[in-house]
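J.: Sharing a structure below in structure tokens format, with a few things to ask.
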Amino acid sequence: MKKSKKILFPTDFSQTAANAFRYALLLADKLEANIEVLHVVFPEAEPLDFPVLVAQSTQMRLESAREQMTQFVEIGLTQMVQQLKNAPAIASDIELGTPSKVIADTAKRDSADLIVMGTKGVRRNLERFMGSVASGVVKKAHCSVLVVPEDAPLEMEKIAYASNLNEADPFEIWKLIKMLELESPTIRCIHFNRGNEELNPETMEEMETFFIERSPGLNIHFQTLPGSEFVDSLNDFIDLYEIDLLAMYQPHRSFFENLFHHSNTREMALKTHVPLLVLKAG
């Protein structure tokens, strides 16, 4: 018996979230997956003189969130009913806490296979300093995360996979195809090189040979992407080749590695203008 996939969809009830929810519904329909819709209420500060008032205020916010959740799901399903072959089973959950942590914890608790969430990207200096919720979820989640920017259509014909030319890449590309049940996609496997890296061309050739020998029908291309700024170069590439979906692999790192490592995946989660799928190690 085929195990049902589970998608966790965090929402803040915004227009960006509504668009991403339509995307999640279509994806769930395609994958025959269930959806858990999650809203996180950020706790208020609790002054020592007014703990009862704070508790009452929090309870009111939770009740309001439940009403908004019902409306959000109903409107999303109504808008998409004509496009869905089989409407997915949907559960809802309201939690209290810090959004990125609660989302990651809920995904692990409920054994989600994929987190799908919307993002507006960086708008203000404060967001650039603090990072968005999507970026935080990408960092903390145990499972893969699909970040959907505003107004992104559900197209998965042209895929870009940003590669570090490591041993995991062939497996991650296969995982990408299997996870999203892609049919005859065009995949462009690109390696970013700022120009100060000694690139061994044999590595790229070995990967290309690997796929030619094992899946000659797969339309996959390998190329190096030069430039000085990773995100800008990648977005230019996406525009040039009309990419529908960008996939990136995020390996596990220790606490000290994370402390000194600049994460391209989390930066891209802030600035992407096409859906970004972050594939997690394991």
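Letters A, B, ... mark the chains of the structure tokens in the order given; residue numbers begin at 1 per chain; ligand numbers begin at 1, in order shown.
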Env of Lys108 in chain A: 9 Å cut, atoms = only C-alpha atoms, seq-sep filter 6 positions within chain, self excluded. Answer as a list in words.

T.: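 Residues near the query, excluding close chain neighbours: Ala141, His142 and Cys143 of chain A.
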
J.: DSSP on the backbone, strand (DSSP E) only: what residues of range 77-277 of chain A does that give? Format it as a PyMOL selection string.

T.: chain A and resi 90-96+114-119+144-149+158-163+186-193+219-226+245-250+276-277

J.: Can you work out which one of A:Ser132, A:Asn193, A:Gln250, A:Gln56 has the shortest atom-to-atom distance to Gly227 in chain A, counting only C-alpha atoms?

T.: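 Between A:Ser132, A:Asn193, A:Gln250, A:Gln56, the residue approaching Gly227 in chain A most closely is A:Asn193.
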
J.: So that each row is one residue of range 96-211 of chain A with an atom at most 8 Å from range 12-16 of chain A, can you give its shortest atom pair and the distance in Å to one decimal, using only C-alpha atoms, rows by chain and rising number, as CSV?

T.:
residue,atom,partner,partner_atom,distance
A:Gly118,CA,A:Thr16,CA,5.9
A:Thr119,CA,A:Thr16,CA,6.7
A:Lys120,CA,A:Thr16,CA,6.9
A:Pro149,CA,A:Thr16,CA,7.4
A:Glu150,CA,A:Thr16,CA,5.5
A:Asp151,CA,A:Thr16,CA,7.8

J.: Give me every helix (DSSP H, G or I) residue in range 84-255 of chain A, going by DSSP on the backbone, as a VMD selection string.

T.: chain A and resid 99 to 109 125 to 130 133 to 140 169 to 179 201 to 214 230 to 240 255

J.: Using only C-alpha atoms, which protein or nucleic acid residues come within 9 Å of range 232-247 of chain A? Drop anything in the same chain fewer than 3 positions from it, and give the result as a PyMOL selection string.

T.: chain A and resi 146+152-162+173+176+188+192+225-229+271-279

J.: Just write the chosen residues, C-alpha atoms, as a CSV table (one decimal), in the first residue's frame.

T.:
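This is the output file selection-v9.csv:
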chain,number,residue,atom,x,y,z
A,146,LEU,CA,9.6,24.5,-0.9
A,152,ALA,CA,4.5,31.9,-8.8
A,153,PRO,CA,2.6,29.6,-11.2
A,154,LEU,CA,2.8,25.8,-10.7
A,155,GLU,CA,5.1,24.8,-13.6
A,156,MET,CA,7.8,22.1,-13.2
A,157,GLU,CA,9.1,21.6,-16.7
A,158,LYS,CA,12.3,23.5,-16.5
A,159,ILE,CA,14.4,22.8,-13.3
A,160,ALA,CA,17.7,24.3,-12.2
A,161,TYR,CA,19.8,22.4,-9.7
A,162,ALA,CA,22.6,24.4,-8.1
A,173,ILE,CA,18.8,15.0,-8.4
A,176,LEU,CA,14.1,15.7,-6.6
A,188,ARG,CA,20.0,22.3,-15.8
A,192,PHE,CA,28.7,28.6,-9.5
A,225,LEU,CA,27.9,29.7,-13.9
A,226,PRO,CA,30.6,32.4,-13.6
A,227,GLY,CA,30.1,35.6,-11.6
A,228,SER,CA,30.9,37.5,-8.4
A,229,GLU,CA,27.6,37.4,-6.6
A,271,LYS,CA,15.6,36.6,-2.6
A,272,THR,CA,14.3,34.0,-5.0
A,273,HIS,CA,11.6,35.0,-7.6
A,274,VAL,CA,10.8,31.4,-8.6
A,275,PRO,CA,9.9,28.5,-6.2
A,276,LEU,CA,13.0,27.2,-4.4
A,277,LEU,CA,13.2,23.6,-3.2
A,278,VAL,CA,15.8,23.1,-0.5
A,279,LEU,CA,16.7,19.4,-0.3

J.: Write out as a PDB file with N, CA and C atoms, in the first residue's frame each polymer residue whose atoms come within 10 Å of Glu183 in chain A, counting only C-alpha atoms; drop sequence neighbours fewer than 3 positions from it.

T.:
ATOM      1  N   MET A 156       6.578  22.924 -13.585  1.00  0.00           N
ATOM      2  CA  MET A 156       7.758  22.148 -13.183  1.00  0.00           C
ATOM      3  C   MET A 156       8.366  21.445 -14.382  1.00  0.00           C
ATOM      4  N   GLU A 157       8.480  22.171 -15.478  1.00  0.00           N
ATOM      5  CA  GLU A 157       9.062  21.582 -16.682  1.00  0.00           C
ATOM      6  C   GLU A 157      10.546  21.909 -16.802  1.00  0.00           C
ATOM      7  N   ILE A 177      13.495  14.345  -8.596  1.00  0.00           N
ATOM      8  CA  ILE A 177      12.585  13.820  -9.619  1.00  0.00           C
ATOM      9  C   ILE A 177      11.512  12.930  -8.982  1.00  0.00           C
ATOM     10  N   LYS A 178      11.940  12.090  -8.037  1.00  0.00           N
ATOM     11  CA  LYS A 178      11.003  11.171  -7.392  1.00  0.00           C
ATOM     12  C   LYS A 178      10.045  11.911  -6.463  1.00  0.00           C
ATOM     13  N   LEU A 180       8.895  15.002  -6.486  1.00  0.00           N
ATOM     14  CA  LEU A 180       7.891  15.821  -7.167  1.00  0.00           C
ATOM     15  C   LEU A 180       7.211  15.078  -8.315  1.00  0.00           C
ATOM     16  N   THR A 186      13.212  19.166 -17.973  1.00  0.00           N
ATOM     17  CA  THR A 186      14.524  19.619 -18.413  1.00  0.00           C
ATOM     18  C   THR A 186      15.264  20.112 -17.177  1.00  0.00           C
ATOM     19  N   LEU A 218      16.779  11.059 -19.913  1.00  0.00           N
ATOM     20  CA  LEU A 218      16.638  12.247 -19.072  1.00  0.00           C
ATOM     21  C   LEU A 218      17.297  13.450 -19.737  1.00  0.00           C
TER      22      LEU A 218
END

J.: Tell me, in Å to one decimal, how far CA of Val133 in chain A is from CA of Ala104 in chain A.

T.: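 Computed distance, CA of Val133 in chain A to CA of Ala104 in chain A, equals 10.7 Å.
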
J.: What's around range 99-103 of chain A at 10 Å? Count only C-alpha atoms, leave out sequence neighbours fewer than 5 positions away in its own chain, and write the answer as a ChimeraX atom specification.

T.: /A:8-12,38-42,108-109,115,132-141

J.: Quick one: residues within 10 Å of range 80-84 of chain A, only C-alpha atoms counted, chain neighbours fewer than 6 positions away excluded, as a ChimeraX atom specification?

T.: /A:21-23,25-30

J.: Can you work out which one of A:Glu36, A:Glu172, A:Glu206, A:Glu181 has the shortest atom-to-atom distance to Ala281 in chain A, counting only C-alpha atoms?

T.: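 Among the listed residues, the smallest separation from Ala281 in chain A belongs to A:Glu172.
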